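J.: File input.tsv below, TSV, C-alpha atoms:
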chain	number	residue	atom	x	y	z
A	154	MET	CA	122.25	73.40	91.31
A	155	PRO	CA	120.59	74.44	94.61
A	156	ARG	CA	116.96	73.51	95.10
A	157	PRO	CA	114.54	76.41	94.44
A	158	MET	CA	113.21	78.05	97.60
A	159	ARG	CA	109.57	77.55	98.59
A	160	CYS	CA	107.56	80.71	99.12
A	161	ARG	CA	106.57	81.16	102.76
A	162	ARG	CA	102.85	81.80	103.26
A	163	ILE	CA	102.18	85.16	104.93
A	164	GLU	CA	98.77	85.62	106.53
A	165	ARG	CA	99.19	89.22	107.69
A	166	LEU	CA	101.33	91.98	106.19
A	167	PRO	CA	103.24	94.03	108.78
A	168	VAL	CA	101.44	97.26	109.63
A	169	TYR	CA	104.62	98.97	110.84
A	170	ARG	CA	107.72	98.60	108.68
A	171	SER	CA	110.38	100.75	110.37
A	172	PHE	CA	111.54	101.01	113.99
A	173	SER	CA	114.22	103.54	114.93
A	174	PRO	CA	115.90	104.48	118.23
A	175	ASP	CA	115.02	108.04	119.24
A	176	ASP	CA	118.47	108.68	120.67
A	177	ALA	CA	120.51	107.63	117.60
A	178	ALA	CA	120.89	110.39	115.01
A	179	ALA	CA	122.13	108.25	112.11
A	180	ALA	CA	121.21	104.66	112.83
A	181	GLU	CA	122.53	101.81	110.71
A	182	ASN	CA	119.83	99.63	109.13
A	183	VAL	CA	119.00	96.03	109.99
A	184	ARG	CA	116.72	94.36	107.45
A	185	MET	CA	114.22	91.75	108.61
A	186	THR	CA	112.31	89.93	105.88
A	187	VAL	CA	108.52	89.63	106.01
A	188	ASP	CA	108.74	85.84	106.49
A	189	GLU	CA	111.03	86.39	109.49
A	190	PHE	CA	108.47	88.82	110.90
A	191	GLU	CA	105.69	86.26	110.30
A	192	ALA	CA	107.61	83.58	112.21
A	193	LEU	CA	108.06	85.96	115.15
A	194	ARG	CA	104.38	86.91	115.01
A	195	LEU	CA	103.14	83.34	114.98
A	196	LEU	CA	105.58	81.95	117.56
A	197	ASP	CA	105.90	84.85	120.01
A	198	ASP	CA	102.68	86.84	119.57
A	199	GLU	CA	100.20	84.02	118.86
A	200	GLY	CA	102.18	81.48	120.91
A	201	LEU	CA	102.13	78.69	118.33
A	202	THR	CA	104.45	75.69	118.41
A	203	GLN	CA	107.04	75.42	115.66
A	204	GLU	CA	105.05	72.56	114.13
A	205	ALA	CA	101.90	74.70	113.95
A	206	CYS	CA	103.88	77.66	112.63
A	207	ALA	CA	105.39	75.47	109.90
A	208	ALA	CA	101.91	74.34	108.84
A	209	ARG	CA	100.59	77.93	108.73
A	210	MET	CA	103.59	79.13	106.68
A	211	ASN	CA	103.63	76.03	104.44
A	212	ILE	CA	107.29	75.21	105.13
A	213	ALA	CA	109.28	72.59	107.03
A	214	ARG	CA	109.78	72.82	110.79
A	215	THR	CA	113.56	73.06	110.29
A	216	THR	CA	112.98	76.06	108.02
A	217	VAL	CA	110.86	77.72	110.72
A	218	THR	CA	113.70	77.21	113.21
A	219	ALA	CA	116.22	78.84	110.86
A	220	ILE	CA	113.93	81.79	110.05
A	221	TYR	CA	113.05	82.35	113.71
A	222	ASP	CA	116.69	82.25	114.84
A	223	SER	CA	117.62	84.78	112.15
A	224	ALA	CA	114.76	87.08	113.15
A	225	ARG	CA	115.68	87.02	116.86
A	226	LYS	CA	119.32	87.85	116.09
A	227	LYS	CA	118.23	90.85	114.02
A	228	VAL	CA	115.95	92.12	116.78
A	229	ALA	CA	118.81	91.73	119.29
A	230	ASP	CA	121.20	93.56	116.95
A	231	ALA	CA	118.76	96.47	116.59
A	232	LEU	CA	118.06	96.72	120.34
A	233	VAL	CA	121.59	96.24	121.62
A	234	ASN	CA	123.42	98.28	119.00
A	235	GLY	CA	120.85	101.05	118.40
A	236	LYS	CA	120.10	100.22	114.76
A	237	ARG	CA	117.02	100.94	112.65
A	238	LEU	CA	114.94	97.81	112.00
A	239	LEU	CA	113.30	97.64	108.56
A	240	ILE	CA	110.83	94.91	107.59
A	241	THR	CA	110.69	94.23	103.86
A	242	GLY	CA	111.25	91.57	101.22
A	243	GLY	CA	111.59	87.81	101.56
A	244	HIS	CA	110.44	84.70	99.72
A	245	CYS	CA	106.73	85.16	100.39
A	246	ALA	CA	103.29	84.19	99.11
A	247	TYR	CA	100.74	86.53	100.65
A	248	GLU	CA	97.38	85.37	101.95
A	249	PRO	CA	94.90	87.81	100.37
A	250	ILE	CA	92.22	89.37	102.54
A	251	GLU	CA	88.55	88.89	101.77
A	252	ILE	CA	86.77	91.64	99.82
A	253	GLN	CA	83.16	92.13	100.85
A	254	GLN	CA	81.83	92.68	97.32
A	255	ALA	CA	82.07	91.01	93.94
A	256	VAL	CA	85.03	92.22	91.89
A	257	MET	CA	84.89	92.11	88.10
A	258	GLU	CA	86.58	89.13	86.51
A	259	LYS	CA	90.10	89.78	85.25
A	260	GLY	CA	91.28	88.49	81.89
A	261	ILE	CA	94.49	86.52	81.42
A	262	HIS	CA	96.19	89.27	79.41
A	263	THR	CA	94.68	92.16	81.34
A	264	MET	CA	96.55	94.76	83.37
A	265	ARG	CA	94.51	95.98	86.33
A	266	ILE	CA	95.12	99.53	87.57
A	267	ALA	CA	93.83	100.62	90.98
A	268	VAL	CA	93.42	104.31	91.81
A	269	THR	CA	92.79	105.82	95.24
A	270	TYR	CA	89.36	107.32	94.62
A	271	GLU	CA	87.11	110.06	95.99
A	272	ASN	CA	84.44	111.95	94.02
A	273	GLY	CA	86.10	111.22	90.69
A	274	GLU	CA	89.53	112.44	91.81
A	275	VAL	CA	92.75	110.72	92.85
A	276	PHE	CA	92.51	110.64	96.66
A	277	GLN	CA	95.66	112.09	98.20
A	278	HIS	CA	96.15	109.97	101.37
A	279	PHE	CA	96.66	106.29	100.53
A	280	GLY	CA	96.33	105.09	104.13
A	281	HIS	CA	92.88	106.64	104.49
A	282	SER	CA	91.45	105.44	101.16
A	283	GLU	CA	87.82	104.39	101.52
A	284	GLN	CA	87.49	103.47	97.86
A	285	PHE	CA	89.61	102.33	94.93
A	286	LYS	CA	88.56	102.53	91.31
A	287	LEU	CA	89.74	99.56	89.26
A	288	TYR	CA	90.50	99.84	85.55
A	289	ASP	CA	91.17	96.82	83.35
A	290	VAL	CA	93.50	97.58	80.45
A	291	GLU	CA	93.96	95.56	77.28
A	292	GLU	CA	96.15	96.67	74.37
A	293	GLY	CA	96.60	100.10	75.89
A	294	LYS	CA	92.90	100.81	76.33
A	295	ILE	CA	90.57	100.67	79.34
A	296	VAL	CA	87.93	98.00	78.77
A	297	LYS	CA	86.26	97.74	82.20
A	298	GLU	CA	85.89	99.89	85.33
A	299	GLN	CA	84.63	99.35	88.87
A	300	VAL	CA	84.63	101.23	92.17
A	301	VAL	CA	85.27	99.04	95.23
A	302	ASP	CA	84.97	99.93	98.92
A	303	THR	CA	87.84	99.14	101.29
A	304	ASN	CA	85.38	98.54	104.18
A	305	GLY	CA	87.52	100.43	106.64
A	306	SER	CA	90.73	98.49	105.97
A	307	GLY	CA	93.61	100.22	107.75
A	308	HIS	CA	96.76	101.36	105.97
A	309	GLY	CA	98.51	98.11	106.88
A	310	ALA	CA	95.81	96.02	105.16
A	311	LEU	CA	95.38	98.01	101.96
A	312	ALA	CA	98.23	96.27	100.13
A	313	GLY	CA	96.57	92.95	100.89
A	314	PHE	CA	93.24	94.38	99.74
A	315	LEU	CA	94.77	95.42	96.41
A	316	GLN	CA	96.43	92.04	96.02
A	317	ALA	CA	93.08	90.33	96.63
A	318	ALA	CA	91.58	92.62	93.96
A	319	LYS	CA	94.31	91.40	91.57
A	320	ALA	CA	95.72	94.89	91.01
A	321	ASP	CA	98.96	95.11	89.04
A	322	ALA	CA	99.54	98.84	89.58
A	323	LEU	CA	98.42	101.59	91.94
A	324	ILE	CA	97.97	105.29	91.18
A	325	CYS	CA	97.76	107.51	94.27
A	326	GLY	CA	98.70	110.86	95.76
A	327	GLY	CA	100.82	110.73	98.91
A	328	ILE	CA	101.93	107.44	100.40
A	329	GLY	CA	104.14	106.52	103.36
A	330	MET	CA	107.30	104.46	103.13
A	331	GLY	CA	105.78	101.55	105.03
A	332	ALA	CA	102.94	101.31	102.53
A	333	GLN	CA	105.41	101.55	99.65
A	334	MET	CA	107.29	98.58	101.10
A	335	ALA	CA	104.07	96.60	101.46
A	336	LEU	CA	103.05	97.27	97.85
A	337	ALA	CA	106.48	96.29	96.55
A	338	ASP	CA	106.41	93.10	98.62
A	339	ALA	CA	102.99	92.31	97.13
A	340	GLY	CA	104.34	92.88	93.59
A	341	ILE	CA	102.18	95.96	92.87
A	342	ARG	CA	103.80	98.75	90.84
A	343	LEU	CA	103.41	102.21	92.35
A	344	TYR	CA	102.70	105.52	90.61
A	345	ALA	CA	102.52	108.14	93.37
A	346	GLY	CA	102.23	111.92	93.50
A	347	VAL	CA	99.34	112.03	91.00
A	348	GLN	CA	96.55	114.58	91.27
A	349	GLY	CA	93.32	115.34	89.40
A	350	SER	CA	90.87	113.10	87.58
A	351	ALA	CA	91.16	109.39	88.38
A	352	ASP	CA	89.85	108.45	84.92
A	353	GLU	CA	92.39	110.64	83.14
A	354	ALA	CA	95.23	109.29	85.26
A	355	ALA	CA	94.26	105.70	84.47
A	356	LYS	CA	94.00	106.51	80.75
A	357	ALA	CA	97.44	108.12	80.84
A	358	LEU	CA	99.00	105.09	82.53
A	359	ALA	CA	97.31	102.74	80.06
A	360	ALA	CA	98.79	104.81	77.23
A	361	GLY	CA	102.21	104.86	78.89
A	362	ASN	CA	102.46	108.62	79.47
A	363	LEU	CA	101.38	109.16	83.09
A	364	ALA	CA	103.32	111.90	84.92
A	365	PHE	CA	104.03	110.83	88.50
A	366	ASP	CA	106.45	111.49	91.34
A	367	PRO	CA	108.37	108.41	92.58
A	368	ASP	CA	109.48	110.38	95.66
A	369	ALA	CA	105.98	111.37	96.80
A	370	ARG	CA	105.45	110.97	100.54
A	371	CYS	CA	102.41	111.17	102.78
A	372	ASP	CA	103.14	112.65	106.21
A	373	HIS	CA	99.48	112.79	107.28
A	374	HIS	CA	99.94	109.92	109.73
A	375	GLU	CA	102.79	107.84	108.39
A	376	HIS	CA	106.03	107.78	110.36
A	377	HIS	CA	108.02	105.08	108.57
A	378	ASP	CA	111.19	105.84	106.71
A	379	GLY	CA	114.37	104.22	105.46
A	380	ASP	CA	115.51	102.50	102.31
A	381	CYS	CA	113.67	99.55	100.79
A	382	GLY	CA	115.82	97.05	98.89
A	383	HIS	CA	112.86	94.82	98.03
A	384	GLU	CA	113.30	91.18	97.19
A	385	HIS	CA	109.75	89.90	96.78
A	386	CYS	CA	108.60	86.60	95.40
A	387	ALA	CA	108.34	87.73	91.77
A	388	ASN	CA	112.12	87.56	91.58
A	389	HIS	CA	112.34	83.94	92.70
A	390	ARG	CA	111.31	80.50	91.59
A	391	CYS	CA	109.50	79.07	94.61
A	392	ALA	CA	109.33	75.31	94.92
A	393	GLY	CA	111.33	73.56	97.66
A	394	ASN	CA	111.99	74.57	101.27
Write the structure described by the file as C-alpha cells, please.
T.:
Amino acid sequence: MPRPMRCRRIERLPVYRSFSPDDAAAAENVRMTVDEFEALRLLDDEGLTQEACAARMNIARTTVTAIYDSARKKVADALVNGKRLLITGGHCAYEPIEIQQAVMEKGIHTMRIAVTYENGEVFQHFGHSEQFKLYDVEEGKIVKEQVVDTNGSGHGALAGFLQAAKADALICGGIGMGAQMALADAGIRLYAGVQGSADEAAKALAAGNLAFDPDARCDHHEHHDGDCGHEHCANHRCAGN
C-alpha cells in the first residue's frame, strides 16, 4: 500500500486562478495545483532556497523539487502551446489569516454558516464583502450569531478569512470562478445566487431548504473562468511526503 501523502502547507491562496491567451479562441486547459503554485511563489517570487521552501511548506526537499519541476513544465506548456492555465486543487493545508476580532467559539458538532452581509441583507458581490454574518447551527437550528468585519481583505484573501473563522458553508449573491475555486480548495461549501434577508437565508440552509443558484456568477470585477475539478485535502489522508 502506498504511503499516504502529506498535506503541503500553503501560506497564501492564489488571488488569480485562471490565465488565458487573448489570441486563442478555444484554449485547452492546463491544471496547476495550489501546492505547485506555492512552490513557484516561494522559489521564484520570494527567492527562497529549496531547503527554506521545504521548511515553509512542511515537506521534504525532494518533494519540493518534484513539485517545482511539475509546475514549471505546466507554465511552459501554457505559454508555448497557448493553453489556459487554471490553478486549483492539490494536497494542501492552508495557513489561515489572522482575524482582527474575537470570533465566537465553535462547538464540536456545530455547522458554521457564513453569509455575505450588508444592512441585514445578503450582499451581492462576494469579492467586495466588508462583513460576514456567522451563524452556528446545531440540530437544524441556529444557536449563535455574530457579525465579523473583513478588515479590507481583498477577494483573494476572503477564502482564507472564512477558513480562519471556521466556516463550513458560505451563502452569497454573485461570486467569480476564482473565488469559487478558492472556497472549494479550502473545503467550504458554496450556496450562491441568494438574495434577501441574511437571517432567513441562514435559517433556510439550517433547515435544508435554501433555494440557491449553483451557476451564479459575479462579473463586477472578476475575470476568471474555466472548469474546476477540485481535489482538496478533505479527499485525502495526509501523513507522509
J.: Hey, which of A:Ala192, A:Cys206, A:Met334, A:Val301 ends up closest to Ser171 of chain A? Count all atoms listed in the file.
T.: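 Selected residue with least distance to Ser171 of chain A: A:Met334.
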J.: Could you work out how far atom CA of Asp338 of chain A lies from atom CA of Arg161 of chain A, giving the answer in Å with one decimal?
T.: 12.6 Å
J.: Which neighbours of Glu353 of chain A fall inside 12 Å, counting all atoms listed in the file, when residues of the same chain fewer than 4 positions from it are skipped, and could you give them as a list in words?
T.: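 The residues satisfying every condition are Val268, Gly273, Glu274, Val275, Tyr288, Lys294, Ile295, Ile324, Val347, Gln348, Gly349, Ala357, Leu358, Ala359, Ala360, Asn362, Leu363 and Ala364 of chain A.
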J.: Quick one: distance from atom CA of Pro174 of chain A to atom CA of Ala310 of chain A in Å, one decimal?
T.: 25.4 Å
J.: Using only C-alpha atoms for the distances, tell me which of A:Val187, A:Val290, A:Ile328, A:Ala229 is nearest to Cys245 of chain A.
T.: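 Looking at the shortest contact to Cys245 of chain A, the residue is A:Val187.
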J.: Which residues are close to segment 209-215 of chain A, i.e. within 8 Å by all atoms listed in the file, leaving aside same-chain residues fewer than 6 positions away? Reply as a list of chain:residue names.
T.: A:Arg159, A:Arg161, A:Arg162, A:Ile163, A:Gln203, A:Asn394
J.: Take atom CA of His281 of chain A and atom CA of Leu311 of chain A and report the distance between them in Å, one decimal.
T.: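 Between atom CA of His281 of chain A and atom CA of Leu311 of chain A the gap is 9.3 Å.
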J.: Compare A:Lys297, A:Tyr247, A:Ala355, A:Val168 by their minimum atom-to-atom distance to Ile266 of chain A, counting all atoms listed in the file, and give me the closest one.
T.: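 Nearest candidate to Ile266 of chain A out of A:Lys297, A:Tyr247, A:Ala355, A:Val168: A:Ala355.
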J.: From the set A:Ala246, A:Val228, A:Ile220, A:Ala320, which residue has the shortest atom-to-atom contact distance to Gly260 of chain A, counting all atoms listed in the file?
T.: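 Distance minimum relative to Gly260 of chain A lands on A:Ala320.
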J.: So which one's closest to Ala177 of chain A, A:Gly346, A:Asp368, A:Glu292, A:Ala231? Using only C-alpha atoms, please.
T.: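 Closest to Ala177 of chain A, using only C-alpha atoms: A:Ala231.
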J.: From (108.3, 91.0, 105.4), in the file's coordinates, out to 8 Å: which residues are reached, counting only C-alpha atoms? Answer as a PyMOL selection string.
T.: chain A and resi 166-167+185-191+240-243+245+338
J.: Can you work out which one of A:Gly280, A:Ala345, A:Ala180, A:Phe365 has the shortest atom-to-atom distance to Gly331 of chain A, counting all atoms listed in the file?
T.: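 Among the listed residues, A:Gly280 lies closest to Gly331 of chain A.
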J.: Could you check which residues have any atom within 6 Å of (115.4, 92.6, 111.9), counting all atoms listed in the file with coordinates taken straight from the file, and then list them as a list in words?
T.: Val183, Arg184, Met185, Ala224, Lys227, Val228 and Leu238 of chain A
J.: Convert the current residue selection to file output with C-alpha atoms, as a PDB file, keeping the file's coordinate frame.
T.:
ATOM      1  CA  VAL A 183     119.000  96.030 109.990  1.00  0.00           C
ATOM      2  CA  ARG A 184     116.720  94.360 107.450  1.00  0.00           C
ATOM      3  CA  MET A 185     114.220  91.750 108.610  1.00  0.00           C
ATOM      4  CA  ALA A 224     114.760  87.080 113.150  1.00  0.00           C
ATOM      5  CA  LYS A 227     118.230  90.850 114.020  1.00  0.00           C
ATOM      6  CA  VAL A 228     115.950  92.120 116.780  1.00  0.00           C
ATOM      7  CA  LEU A 238     114.940  97.810 112.000  1.00  0.00           C
TER       8      LEU A 238
END
J.: Edge lengths and centre in Å to one decimal, as lines of an AutoDock Vina configuration file, is what I'm after for the box along x, y and z that holds all listed atoms of segment 312-330 of chain A once 8 Å is added on each side.
T.:
center_x = 99.4
center_y = 100.6
center_z = 96.2
size_x = 31.7
size_y = 36.5
size_z = 30.3
J.: Could you rebuild segment 265-298 of chain A with N, CA and C atoms and give it back as a PDB file, in the frame of the given file?
T.:
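New file out_22.pdb:
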ATOM      1  N   ARG A 265      95.495  95.313  85.478  1.00  0.00           N
ATOM      2  CA  ARG A 265      94.510  95.980  86.330  1.00  0.00           C
ATOM      3  C   ARG A 265      95.156  97.121  87.102  1.00  0.00           C
ATOM      4  N   ILE A 266      94.645  98.323  86.882  1.00  0.00           N
ATOM      5  CA  ILE A 266      95.120  99.530  87.570  1.00  0.00           C
ATOM      6  C   ILE A 266      94.138  99.864  88.681  1.00  0.00           C
ATOM      7  N   ALA A 267      94.645 100.134  89.876  1.00  0.00           N
ATOM      8  CA  ALA A 267      93.830 100.620  90.980  1.00  0.00           C
ATOM      9  C   ALA A 267      94.195 102.078  91.244  1.00  0.00           C
ATOM     10  N   VAL A 268      93.194 102.894  91.521  1.00  0.00           N
ATOM     11  CA  VAL A 268      93.420 104.310  91.810  1.00  0.00           C
ATOM     12  C   VAL A 268      92.726 104.648  93.126  1.00  0.00           C
ATOM     13  N   THR A 269      93.445 105.304  94.048  1.00  0.00           N
ATOM     14  CA  THR A 269      92.790 105.820  95.240  1.00  0.00           C
ATOM     15  C   THR A 269      91.719 106.814  94.795  1.00  0.00           C
ATOM     16  N   TYR A 270      90.491 106.668  95.295  1.00  0.00           N
ATOM     17  CA  TYR A 270      89.360 107.320  94.620  1.00  0.00           C
ATOM     18  C   TYR A 270      88.460 108.058  95.609  1.00  0.00           C
ATOM     19  N   GLU A 271      88.095 109.297  95.247  1.00  0.00           N
ATOM     20  CA  GLU A 271      87.110 110.060  95.990  1.00  0.00           C
ATOM     21  C   GLU A 271      86.482 111.098  95.069  1.00  0.00           C
ATOM     22  N   ASN A 272      85.192 110.979  94.843  1.00  0.00           N
ATOM     23  CA  ASN A 272      84.440 111.950  94.020  1.00  0.00           C
ATOM     24  C   ASN A 272      85.087 112.184  92.654  1.00  0.00           C
ATOM     25  N   GLY A 273      85.534 111.127  92.023  1.00  0.00           N
ATOM     26  CA  GLY A 273      86.100 111.220  90.690  1.00  0.00           C
ATOM     27  C   GLY A 273      87.559 111.622  90.618  1.00  0.00           C
ATOM     28  N   GLU A 274      88.144 111.975  91.773  1.00  0.00           N
ATOM     29  CA  GLU A 274      89.530 112.440  91.810  1.00  0.00           C
ATOM     30  C   GLU A 274      90.454 111.387  92.434  1.00  0.00           C
ATOM     31  N   VAL A 275      91.745 111.558  92.188  1.00  0.00           N
ATOM     32  CA  VAL A 275      92.750 110.720  92.850  1.00  0.00           C
ATOM     33  C   VAL A 275      92.847 111.168  94.303  1.00  0.00           C
ATOM     34  N   PHE A 276      92.463 110.304  95.237  1.00  0.00           N
ATOM     35  CA  PHE A 276      92.510 110.640  96.660  1.00  0.00           C
ATOM     36  C   PHE A 276      93.964 110.746  97.098  1.00  0.00           C
ATOM     37  N   GLN A 277      94.272 111.728  97.947  1.00  0.00           N
ATOM     38  CA  GLN A 277      95.660 112.090  98.200  1.00  0.00           C
ATOM     39  C   GLN A 277      96.315 111.408  99.417  1.00  0.00           C
ATOM     40  N   HIS A 278      95.559 110.640 100.193  1.00  0.00           N
ATOM     41  CA  HIS A 278      96.150 109.970 101.370  1.00  0.00           C
ATOM     42  C   HIS A 278      95.888 108.474 101.281  1.00  0.00           C
ATOM     43  N   PHE A 279      96.848 107.720 100.765  1.00  0.00           N
ATOM     44  CA  PHE A 279      96.660 106.290 100.530  1.00  0.00           C
ATOM     45  C   PHE A 279      96.110 105.570 101.754  1.00  0.00           C
ATOM     46  N   GLY A 280      96.700 105.828 102.927  1.00  0.00           N
ATOM     47  CA  GLY A 280      96.330 105.090 104.130  1.00  0.00           C
ATOM     48  C   GLY A 280      94.915 105.317 104.602  1.00  0.00           C
ATOM     49  N   HIS A 281      94.251 106.359 104.095  1.00  0.00           N
ATOM     50  CA  HIS A 281      92.880 106.640 104.490  1.00  0.00           C
ATOM     51  C   HIS A 281      91.890 106.396 103.345  1.00  0.00           C
ATOM     52  N   SER A 282      92.318 105.664 102.325  1.00  0.00           N
ATOM     53  CA  SER A 282      91.450 105.440 101.160  1.00  0.00           C
ATOM     54  C   SER A 282      90.242 104.599 101.549  1.00  0.00           C
ATOM     55  N   GLU A 283      89.055 105.124 101.276  1.00  0.00           N
ATOM     56  CA  GLU A 283      87.820 104.390 101.520  1.00  0.00           C
ATOM     57  C   GLU A 283      87.329 103.684 100.263  1.00  0.00           C
ATOM     58  N   GLN A 284      87.854 104.104  99.113  1.00  0.00           N
ATOM     59  CA  GLN A 284      87.490 103.470  97.860  1.00  0.00           C
ATOM     60  C   GLN A 284      88.693 103.413  96.914  1.00  0.00           C
ATOM     61  N   PHE A 285      88.705 102.398  96.073  1.00  0.00           N
ATOM     62  CA  PHE A 285      89.610 102.330  94.930  1.00  0.00           C
ATOM     63  C   PHE A 285      88.743 102.205  93.682  1.00  0.00           C
ATOM     64  N   LYS A 286      89.200 102.800  92.588  1.00  0.00           N
ATOM     65  CA  LYS A 286      88.560 102.530  91.310  1.00  0.00           C
ATOM     66  C   LYS A 286      89.497 101.643  90.507  1.00  0.00           C
ATOM     67  N   LEU A 287      88.959 100.533  90.027  1.00  0.00           N
ATOM     68  CA  LEU A 287      89.740  99.560  89.260  1.00  0.00           C
ATOM     69  C   LEU A 287      89.488  99.768  87.772  1.00  0.00           C
ATOM     70  N   TYR A 288      90.576  99.694  87.008  1.00  0.00           N
ATOM     71  CA  TYR A 288      90.500  99.840  85.550  1.00  0.00           C
ATOM     72  C   TYR A 288      91.228  98.660  84.925  1.00  0.00           C
ATOM     73  N   ASP A 289      90.535  97.912  84.071  1.00  0.00           N
ATOM     74  CA  ASP A 289      91.170  96.820  83.350  1.00  0.00           C
ATOM     75  C   ASP A 289      91.606  97.301  81.978  1.00  0.00           C
ATOM     76  N   VAL A 290      92.886  97.061  81.672  1.00  0.00           N
ATOM     77  CA  VAL A 290      93.500  97.580  80.450  1.00  0.00           C
ATOM     78  C   VAL A 290      93.920  96.426  79.546  1.00  0.00           C
ATOM     79  N   GLU A 291      93.532  96.526  78.289  1.00  0.00           N
ATOM     80  CA  GLU A 291      93.960  95.560  77.280  1.00  0.00           C
ATOM     81  C   GLU A 291      94.395  96.323  76.029  1.00  0.00           C
ATOM     82  N   GLU A 292      95.592  96.027  75.554  1.00  0.00           N
ATOM     83  CA  GLU A 292      96.150  96.670  74.370  1.00  0.00           C
ATOM     84  C   GLU A 292      96.139  98.187  74.485  1.00  0.00           C
ATOM     85  N   GLY A 293      96.464  98.678  75.668  1.00  0.00           N
ATOM     86  CA  GLY A 293      96.600 100.100  75.890  1.00  0.00           C
ATOM     87  C   GLY A 293      95.312 100.866  76.073  1.00  0.00           C
ATOM     88  N   LYS A 294      94.190 100.149  76.164  1.00  0.00           N
ATOM     89  CA  LYS A 294      92.900 100.810  76.330  1.00  0.00           C
ATOM     90  C   LYS A 294      92.144 100.236  77.518  1.00  0.00           C
ATOM     91  N   ILE A 295      91.387 101.105  78.206  1.00  0.00           N
ATOM     92  CA  ILE A 295      90.570 100.670  79.340  1.00  0.00           C
ATOM     93  C   ILE A 295      89.317  99.996  78.806  1.00  0.00           C
ATOM     94  N   VAL A 296      89.070  98.770  79.265  1.00  0.00           N
ATOM     95  CA  VAL A 296      87.930  98.000  78.770  1.00  0.00           C
ATOM     96  C   VAL A 296      86.859  97.786  79.841  1.00  0.00           C
ATOM     97  N   LYS A 297      87.229  97.903  81.115  1.00  0.00           N
ATOM     98  CA  LYS A 297      86.260  97.740  82.200  1.00  0.00           C
ATOM     99  C   LYS A 297      86.652  98.629  83.376  1.00  0.00           C
ATOM    100  N   GLU A 298      85.652  99.051  84.157  1.00  0.00           N
ATOM    101  CA  GLU A 298      85.890  99.890  85.330  1.00  0.00           C
ATOM    102  C   GLU A 298      84.982  99.432  86.470  1.00  0.00           C
TER     103      GLU A 298
END
